[in-house]
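protein.txt (compact mmCIF, C-alpha atoms and all ligand atoms)
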# COMPACT_ATOMS: atom_id res chain seq x y z
CA MET O 1 10.68 -5.09 2.98
CA GLN O 2 8.48 -3.56 5.58
CA ILE O 3 8.72 -3.96 9.30
CA LYS O 4 5.69 -5.46 10.91
CA PHE O 5 5.25 -5.47 14.60
CA VAL O 6 5.65 -8.54 16.76
CA PRO O 7 2.37 -9.96 18.10
CA TYR O 8 2.94 -8.54 21.56
CA SER O 9 3.39 -4.89 22.40
CA GLN O 10 6.65 -3.00 22.52
CA ASN O 11 5.88 -2.40 26.23
CA PHE O 12 5.79 -6.14 26.81
CA ILE O 13 9.24 -6.49 25.22
CA LYS O 14 10.58 -3.76 27.48
CA LEU O 15 8.97 -5.28 30.55
CA PHE O 16 10.33 -8.73 29.71
CA ARG O 17 13.84 -7.40 29.20
CA TYR O 18 13.76 -5.45 32.47
CA ALA O 19 12.35 -8.45 34.33
CA LEU O 20 15.16 -10.68 33.03
CA LEU O 21 17.80 -8.05 33.76
CA GLY O 22 16.36 -7.64 37.26
CA LEU O 23 16.55 -11.38 37.88
CA ILE O 24 20.14 -11.50 36.62
CA PHE O 25 21.05 -8.59 38.87
CA GLY O 26 19.20 -10.09 41.85
CA SER O 27 20.87 -13.46 41.50
CA SER O 28 24.29 -11.84 41.07
CA ILE O 29 23.88 -10.08 44.40
CA SER O 30 22.88 -13.31 46.13
CA ILE O 31 26.25 -14.85 45.11
CA PHE O 32 27.83 -12.86 47.92
CA ARG O 33 25.48 -14.37 50.46
CA PHE O 34 25.83 -18.04 49.59
CA GLN O 35 26.08 -20.51 52.47
CA SER O 36 27.54 -23.51 50.71
CA GLU O 37 29.20 -24.48 47.45
CA VAL O 38 25.96 -26.07 46.31
CA ASP O 39 24.14 -22.74 46.77
CA PHE O 40 26.88 -21.03 44.83
CA ALA O 41 26.65 -23.54 41.97
CA ILE O 42 22.87 -23.17 41.80
CA VAL O 43 23.06 -19.38 41.65
CA VAL O 44 25.78 -19.42 38.97
CA PHE O 45 23.71 -21.90 36.97
CA LEU O 46 20.65 -19.67 37.36
CA ILE O 47 22.57 -16.62 36.16
CA ILE O 48 23.85 -18.47 33.08
CA LEU O 49 20.30 -19.64 32.34
CA LEU O 50 18.93 -16.11 32.64
CA VAL O 51 21.64 -14.63 30.43
CA ILE O 52 20.88 -17.28 27.79
CA SER O 53 17.14 -16.49 28.03
CA PHE O 54 17.85 -12.80 27.64
CA ILE O 55 19.98 -13.33 24.53
CA THR O 56 17.52 -15.85 23.08
CA PHE O 57 14.64 -13.47 23.57
CA TYR O 58 16.59 -10.69 21.91
CA ILE O 59 17.53 -12.84 18.93
CA PHE O 60 14.03 -14.31 18.66
CA ASN O 61 12.58 -10.83 18.58
CA TYR O 62 15.02 -9.73 15.93
CA HIS O 63 14.25 -12.73 13.77
CA TYR O 64 10.56 -12.19 14.20
CA ILE O 65 10.88 -8.70 12.82
CA LEU O 66 12.92 -9.97 9.90
CA ILE O 67 10.72 -12.89 8.95
CA SER O 68 7.43 -11.19 9.64
CA ASN O 69 7.10 -10.19 6.00
CA LYS O 70 6.11 -13.82 5.45
CA HIS O 71 3.15 -13.39 7.77
CA TYR O 72 0.11 -12.70 5.76
CA ASN O 73 -2.78 -10.35 5.84
CA ASN O 74 -5.91 -11.57 4.17
CA SER O 75 -6.02 -10.17 0.69
CA ILE O 76 -7.77 -10.06 -2.64
CA GLU O 77 -5.62 -10.54 -5.71
CA ASN O 78 -5.92 -10.74 -9.49
CA ILE O 79 -9.31 -9.11 -9.96
CA THR O 80 -10.37 -9.76 -13.57
CA GLU O 81 -13.57 -9.87 -15.60
CA ASN O 82 -13.83 -13.54 -14.64
CA GLY O 83 -13.38 -13.30 -10.91
CA PHE O 84 -10.72 -12.85 -8.24
CA GLU O 85 -8.54 -14.67 -5.75
CA PHE O 86 -9.23 -14.48 -2.04
CA ILE O 87 -6.20 -15.24 0.11
CA ASN O 88 -7.53 -16.17 3.53
CA GLU O 89 -5.00 -17.05 6.28
CA GLY O 90 -2.49 -17.91 3.55
CA LYS O 91 -4.88 -20.19 1.65
CA LYS O 92 -5.84 -19.16 -1.85
CA GLN O 93 -9.42 -19.56 -3.08
CA VAL O 94 -10.35 -18.68 -6.64
CA PHE O 95 -13.79 -17.14 -6.95
CA LEU O 96 -15.53 -16.67 -10.28
CA TRP O 97 -18.18 -14.00 -10.63
CA SER O 98 -20.41 -16.72 -12.06
CA ASP O 99 -20.16 -18.60 -8.70
CA PHE O 100 -22.28 -15.94 -7.04
CA GLN O 101 -26.01 -15.50 -6.85
CA SER O 102 -25.70 -12.00 -5.36
CA ILE O 103 -23.21 -9.52 -3.94
CA ASN O 104 -24.13 -6.95 -1.29
CA LEU O 105 -22.58 -4.55 1.14
CA ASN O 106 -23.38 -5.27 4.78
CA ASP O 107 -25.41 -2.71 6.79
CA THR O 108 -22.35 -0.90 8.14
CA GLN O 109 -20.79 -0.85 4.64
CA ASN O 110 -17.52 -2.27 5.93
CA GLY O 111 -17.96 -5.77 4.58
CA LEU O 112 -18.96 -7.49 1.37
CA ILE O 113 -21.47 -10.34 1.53
CA LEU O 114 -20.96 -12.82 -1.28
CA THR O 115 -23.83 -15.27 -1.67
CA PHE O 116 -23.03 -18.38 -3.69
CA LYS O 117 -25.55 -20.13 -5.92
CA ASP O 118 -26.02 -22.83 -3.24
CA ASN O 119 -26.89 -20.06 -0.71
CA LYS O 120 -23.59 -20.32 1.18
CA ARG O 121 -22.27 -16.94 2.22
CA VAL O 122 -18.87 -15.39 2.69
CA LEU O 123 -18.27 -12.05 4.37
CA ILE O 124 -15.12 -10.22 3.32
CA SER O 125 -14.19 -7.39 5.68
CA ASN O 126 -12.82 -4.07 4.43
CA LYS O 127 -9.69 -4.79 6.50
CA THR O 128 -8.78 -7.28 3.73
CA ASP O 129 -6.09 -5.92 1.41
CA ASN O 130 -7.52 -4.68 -1.90
CA TRP O 131 -11.11 -4.74 -0.63
CA PHE O 132 -11.63 -1.23 -1.94
CA LEU O 133 -10.30 -2.22 -5.33
CA LEU O 134 -12.70 -5.17 -5.36
CA VAL O 135 -15.82 -3.13 -4.55
CA LYS O 136 -14.93 -0.74 -7.38
CA ASN O 137 -14.83 -3.70 -9.76
CA ILE O 138 -18.09 -5.52 -9.01
CA PRO O 139 -19.63 -6.39 -12.42
CA ALA O 140 -22.79 -4.51 -13.39
CA VAL O 141 -24.73 -7.79 -13.69
CA PHE O 142 -25.10 -7.78 -9.90
CA GLN O 143 -27.98 -5.33 -10.04
CA GLU O 144 -28.76 -5.65 -6.32
CA PHE O 145 -25.30 -4.30 -5.46
CA ASP O 146 -25.36 -0.70 -4.21
CA PHE O 147 -22.98 0.89 -6.74
CA GLU O 148 -24.17 4.36 -5.67
CA ALA O 149 -23.08 3.71 -2.04
CA ILE O 150 -19.58 2.86 -3.26
CA LYS O 151 -19.47 5.99 -5.40
CA ILE O 152 -20.48 8.12 -2.40
CA MET O 153 -18.02 6.27 -0.15
CA PHE O 154 -15.10 7.20 -2.41
CA GLU O 155 -16.36 10.75 -3.02
CA ASN O 156 -16.41 11.40 0.73
CA LEU O 157 -12.77 10.42 1.21
CA LYS O 158 -10.24 13.19 1.70
CA SER O 159 -6.56 13.28 0.94
CA CYS O 160 -4.37 11.79 3.69
CA LYS O 161 -1.39 13.94 4.68
CA VAL O 162 0.63 10.87 5.67
CA CYS O 163 0.35 8.58 2.63
CA GLY O 164 -1.04 11.00 0.01
CA PHE O 165 -3.97 8.81 -1.03
CA LYS O 166 -7.57 9.98 -1.09
CA ALA O 167 -8.46 7.52 1.64
CA ASP O 168 -9.17 9.56 4.78
CA ASN O 169 -12.74 8.99 5.97
CA GLY O 170 -12.50 11.53 8.80
CA THR O 171 -11.82 8.88 11.45
CA GLU O 172 -8.87 7.09 9.92
CA CYS O 173 -7.02 6.64 6.65
CA LEU O 174 -8.19 3.51 4.87
CA SER O 175 -4.85 3.23 3.11
CA CYS O 176 -2.18 3.77 5.77
CA GLY O 177 -4.33 3.45 8.89
CA THR O 178 -3.43 6.84 10.39
CA LYS O 179 -6.09 7.86 12.91
CA ALA O 180 -7.51 11.38 12.93
CA TRP O 181 -5.74 13.84 15.19
CA THR O 182 -7.42 14.35 18.56
CA ASN O 183 -6.45 16.53 21.51
CA GLU O 184 -5.71 13.32 23.43
CA LEU O 185 -2.63 12.93 21.22
CA ASN O 186 -1.22 16.15 22.67
CA LYS O 187 0.05 13.97 25.51
CA PHE O 188 2.40 12.22 23.11
CA TYR O 189 3.15 14.79 20.42
CA PRO O 190 3.81 18.53 20.72
CA ASN O 191 1.52 19.24 17.75
CA LYS O 192 -0.34 17.68 14.83
CA LEU O 193 2.55 18.15 12.40
CA GLU O 194 4.90 16.14 14.63
CA PHE O 195 2.25 13.41 14.89
CA LEU O 196 1.88 13.24 11.09
CA LYS O 197 5.65 13.12 10.66
CA LYS O 198 5.95 10.25 13.13
CA GLU O 199 3.23 8.31 11.30
CA GLN O 200 5.07 8.94 8.06
CA LEU O 201 8.35 7.68 9.53
CA PHE O 202 6.59 4.41 10.43
CA LEU O 203 5.06 4.21 6.96
CA PHE O 204 8.30 4.86 5.08
CA SER O 205 10.49 2.85 7.44
CA ASN O 206 12.28 0.12 5.51
CA LEU O 207 15.04 -2.35 5.95
CA ASN O 208 16.57 -2.04 2.55
CA LEU O 209 19.24 0.46 1.75
CA ASP O 210 17.52 2.52 -0.88
CA LYS O 211 18.84 5.99 -1.36
CA ASN O 212 15.36 7.39 -1.75
CA LEU O 213 12.16 7.40 0.19
CA ASN O 214 10.28 4.15 0.00
CA ILE O 215 6.75 5.44 -0.60
CA PRO O 216 4.27 2.56 -0.65
CA ASP O 217 1.84 2.42 -3.56
CA ASN O 218 -1.80 1.46 -3.21
CA PRO O 219 -3.95 0.62 -6.25
CA ASN O 220 -7.14 0.91 -4.15
CA PHE O 221 -7.08 4.68 -3.90
CA GLU O 222 -6.35 7.73 -6.01
CA LYS O 223 -3.17 9.62 -5.24
CA ASP O 224 -3.50 13.32 -4.46
CA PRO O 225 -1.28 15.00 -7.10
CA ASN O 226 -0.51 17.89 -4.72
CA TRP O 227 0.71 15.71 -1.87
CA VAL O 228 4.33 16.03 -0.75
CA PRO O 229 6.10 14.02 1.98
CA LEU O 230 6.66 15.76 5.32
CA VAL O 231 9.87 13.89 6.11
CA GLU O 232 13.12 13.45 4.24
CA PHE O 233 14.99 10.24 3.48
CA LYS O 234 17.70 11.01 6.05
CA GLU O 235 15.03 11.31 8.77
CA VAL O 236 13.62 7.89 7.88
CA LYS O 237 17.09 6.42 7.99
CA LYS O 238 17.77 7.99 11.37
CA PHE O 239 14.43 6.64 12.60
CA ASP O 240 15.34 3.12 11.45
CA LEU O 241 18.79 3.34 12.99
CA THR O 242 17.52 4.47 16.39
CA ASN O 243 14.65 2.00 16.49
CA TYR O 244 16.29 -1.16 15.32
CA TYR O 245 19.55 -1.90 17.05
CA PHE O 246 20.45 -4.98 15.01
CA LEU O 247 19.46 -3.24 11.83
CA LYS O 248 21.89 -0.48 12.71
CA LYS O 249 24.77 -2.95 12.75
CA LYS O 250 23.63 -4.42 9.45
CA ILE O 251 23.36 -1.05 7.73
CA VAL O 252 26.69 0.21 9.02
CA LYS O 253 28.36 -3.05 7.93
CA SER O 254 26.76 -2.97 4.51
CA GLU O 255 27.69 0.69 3.99
CA ASN O 256 31.29 -0.04 4.88
CA GLU O 257 31.32 -2.73 2.21
CA LYS O 258 30.28 -0.28 -0.48
ZN ZN X 301 -2.98 7.54 4.70
For the file at hand, write its structure as structure tokens.
Amino acid sequence: MQIKFVPYSQNFIKLFRYALLGLIFGSSISIFRFQSEVDFAIVVFLIILLVISFITFYIFNYHYILISNKHYNNSIENITENGFEFINEGKKQVFLWSDFQSINLNDTQNGLILTFKDNKRVLISNKTDNWFLLVKNIPAVFQEFDFEAIKIMFENLKSCKVCGFKADNGTECLSCGTKAWTNELNKFYPNKLEFLKKEQLFLFSNLNLDKNLNIPDNPNFEKDPNWVPLVEFKEVKKFDLTNYYFLKKKIVKSENEK
């Protein structure tokens, strides 16, 4: 299972935790300044409420990380000679090649325009999982489709140091999403190698207790046969342990059971 990020930023989580802790601390101090028993009761009640909110938020966050594998990306599945399935916001639509009048790339070549026989149109963005596999499998009967543009698109991709697929378009990797190194990143990483390693730790990070690196596969792109990972399994494990507090408890517990 892969960890997906919660819909708000990690900074928001930190800020929220600090804000709650600050309120708890602030109210605790005011206990010593209460004027009446009613004031005291209100402050104690407030503290209990804040502590409960803090714990709830922590647990909610933890659960969100655990269940987020059920949250879907849009994707294309089961591409065959008859058609394919388009999973859009969790809803499956089956498209047959024979449903379409024409298939074209959009002007920026990052979307596929499918025109149905009744002139309705659907645009599928290249952010959709398996989009690149789909464009490689458009049947030859769609003569208007720019097969040459797709050929050139794939030929221009370079091997990505993070995931090992030939999917780097110079700006970002179309497989793992790693952005190209810029000098701006020097603020966060001592050098490019450390940046690539960090990206790889995120990519390989997993919640299961495999003994080996969990290297994601991707049928959309060719794997560079000369690629080797920059990080070792123990580094990924350390990364998981330091980044996911609850996970740490789970792993330690499960290892003790072995
Ligand atoms: Zn990559």
*What's the 8 Å shell around segment 167-179 of chain O, counting only C-alpha atoms, without same-chain residues fewer than 4 positions away, as an MDAnalysis selection string?*
chainID O and resid 154 156:160 162:163 199 203 218 220:222
Let's have the selection written as a PDB file, in the coordinates of the input, with C-alpha atoms.
ATOM      1  CA  PHE O 154     -15.100   7.200  -2.410  1.00  0.00           C
ATOM      2  CA  ASN O 156     -16.410  11.400   0.730  1.00  0.00           C
ATOM      3  CA  LEU O 157     -12.770  10.420   1.210  1.00  0.00           C
ATOM      4  CA  LYS O 158     -10.240  13.190   1.700  1.00  0.00           C
ATOM      5  CA  SER O 159      -6.560  13.280   0.940  1.00  0.00           C
ATOM      6  CA  CYS O 160      -4.370  11.790   3.690  1.00  0.00           C
ATOM      7  CA  VAL O 162       0.630  10.870   5.670  1.00  0.00           C
ATOM      8  CA  CYS O 163       0.350   8.580   2.630  1.00  0.00           C
ATOM      9  CA  GLU O 199       3.230   8.310  11.300  1.00  0.00           C
ATOM     10  CA  LEU O 203       5.060   4.210   6.960  1.00  0.00           C
ATOM     11  CA  ASN O 218      -1.800   1.460  -3.210  1.00  0.00           C
ATOM     12  CA  ASN O 220      -7.140   0.910  -4.150  1.00  0.00           C
ATOM     13  CA  PHE O 221      -7.080   4.680  -3.900  1.00  0.00           C
ATOM     14  CA  GLU O 222      -6.350   7.730  -6.010  1.00  0.00           C
TER      15      GLU O 222
END
*In the coordinates of the file, take the point (11.6, 12.1, 4.9) and a cut-off of 9 Å; then, counting only C-alpha atoms, name each qualifying protein, DNA or RNA residue as a PyMOL selection string.*
chain O and resi 197+200-201+204+212-213+229-237
*Could you tell me which of O:Ile152, O:Leu133, O:Leu23, O:Ile29 comes closest to Leu46 of chain O if we count all atoms listed in the file?*
O:Leu23
_Surrounding residues of Ile150 of chain O excluding itself and chain neighbours under 2 positions, 12 Å, only C-alpha atoms, as a PyMOL selection string_ = chain O and resi 104-105+109-112+131-138+145-148+152-157
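Proximity ranking of O:Lys166, O:Lys187, O:Lys117, O:Lys91 relative to ligand ZN 301 (chain X) places O:Lys166 first, based on all atoms listed in the file.
Coordinates place atom CA of Asp217 of chain O at a distance of 26.7 Å from atom CA of Leu96 of chain O.
Here atom CA of Ile55 of chain O and atom CA of Phe32 of chain O stand 24.7 Å from one another.
Considering the residues O:Pro139, O:Leu123, O:Ile31, O:Asn130 and counting only C-alpha atoms, Ser98 of chain O has its shortest atom-to-atom contact with O:Pro139.
Across the structure, atom CA of Arg17 of chain O and atom CA of Phe195 of chain O are spaced 27.8 Å apart.
Neighbours of Val94 of chain O closer than or equal to 8 Å, with only C-alpha atoms counted and sequence neighbours fewer than 2 positions away skipped, come out as Gly83, Phe84, Glu85, Phe86, Lys92 and Leu96 of chain O.
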Go ahead and dump the residues you just picked, C-alpha atoms, as a PDB file, in the frame of the given file.
ATOM      1  CA  GLY O  83     -13.380 -13.300 -10.910  1.00  0.00           C
ATOM      2  CA  PHE O  84     -10.720 -12.850  -8.240  1.00  0.00           C
ATOM      3  CA  GLU O  85      -8.540 -14.670  -5.750  1.00  0.00           C
ATOM      4  CA  PHE O  86      -9.230 -14.480  -2.040  1.00  0.00           C
ATOM      5  CA  LYS O  92      -5.840 -19.160  -1.850  1.00  0.00           C
ATOM      6  CA  LEU O  96     -15.530 -16.670 -10.280  1.00  0.00           C
TER       7      LEU O  96
END
*asked:* Between O:Thr182, O:Lys198, O:Pro216, O:Gly164, which residue has the minimum interatomic distance to ligand ZN 301 (chain X), considering only C-alpha atoms and all ligand atoms?
replied: O:Gly164
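Distances here use all atoms listed in the file; by that measure, the residue among O:Asn78, O:Asn183, O:Phe40, O:Lys161 closest to Leu196 of chain O is O:Lys161.
For the choices O:Ala41, O:Asn214, O:Phe165, O:Phe188, the atom-to-atom distance to ligand ZN 301 (chain X) is smallest for O:Phe165 when using all atoms listed in the file.
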*Residues within 12 Å of (-22.7, -20.5, -11.5), file coords, all atoms listed in the file, listed as a VMD selection string*: chain O and resid 82 to 83 95 to 102 115 to 119
Where atoms are lacking, segment 103-121 of chain O completed to N, CA and C atoms, as a short mmCIF file (atom, residue, chain, number, x, y, z; two decimals), keeping the file's coordinate frame:
data_model
loop_
_atom_site.label_atom_id
_atom_site.label_comp_id
_atom_site.auth_asym_id
_atom_site.auth_seq_id
_atom_site.Cartn_x
_atom_site.Cartn_y
_atom_site.Cartn_z
N ILE O 103 -24.29 -10.18 -4.68
CA ILE O 103 -23.21 -9.52 -3.94
C ILE O 103 -23.79 -8.26 -3.31
N ASN O 104 -23.58 -8.11 -2.00
CA ASN O 104 -24.13 -6.95 -1.29
C ASN O 104 -23.13 -6.40 -0.29
N LEU O 105 -23.32 -5.13 0.03
CA LEU O 105 -22.58 -4.55 1.14
C LEU O 105 -23.35 -4.91 2.41
N ASN O 106 -22.64 -5.06 3.53
CA ASN O 106 -23.38 -5.27 4.78
C ASN O 106 -23.94 -3.92 5.26
N ASP O 107 -24.72 -3.93 6.34
CA ASP O 107 -25.41 -2.71 6.79
C ASP O 107 -24.45 -1.57 7.13
N THR O 108 -23.30 -1.94 7.73
CA THR O 108 -22.35 -0.90 8.14
C THR O 108 -21.40 -0.51 7.00
N GLN O 109 -21.59 -1.13 5.84
CA GLN O 109 -20.79 -0.85 4.64
C GLN O 109 -19.30 -1.06 4.84
N ASN O 110 -18.95 -1.96 5.76
CA ASN O 110 -17.52 -2.27 5.93
C ASN O 110 -17.23 -3.74 5.63
N GLY O 111 -18.16 -4.38 4.96
CA GLY O 111 -17.96 -5.77 4.58
C GLY O 111 -18.76 -6.09 3.32
N LEU O 112 -18.30 -7.09 2.60
CA LEU O 112 -18.96 -7.49 1.37
C LEU O 112 -19.53 -8.89 1.59
N ILE O 113 -20.84 -9.03 1.35
CA ILE O 113 -21.47 -10.34 1.53
C ILE O 113 -21.62 -10.99 0.16
N LEU O 114 -20.91 -12.10 -0.01
CA LEU O 114 -20.96 -12.82 -1.28
C LEU O 114 -21.85 -14.04 -1.09
N THR O 115 -22.94 -14.12 -1.80
CA THR O 115 -23.83 -15.27 -1.67
C THR O 115 -23.65 -16.18 -2.89
N PHE O 116 -23.25 -17.41 -2.61
CA PHE O 116 -23.03 -18.38 -3.69
C PHE O 116 -24.37 -18.92 -4.20
N LYS O 117 -24.31 -19.60 -5.32
CA LYS O 117 -25.55 -20.13 -5.92
C LYS O 117 -26.21 -21.18 -5.03
N ASP O 118 -25.40 -21.85 -4.14
CA ASP O 118 -26.02 -22.83 -3.24
C ASP O 118 -26.39 -22.19 -1.89
N ASN O 119 -26.49 -20.84 -1.89
CA ASN O 119 -26.89 -20.06 -0.71
C ASN O 119 -25.84 -19.94 0.39
N LYS O 120 -24.67 -20.53 0.20
CA LYS O 120 -23.59 -20.32 1.18
C LYS O 120 -23.15 -18.87 1.09
N ARG O 121 -22.67 -18.35 2.22
CA ARG O 121 -22.27 -16.94 2.22
C ARG O 121 -20.86 -16.76 2.75
#
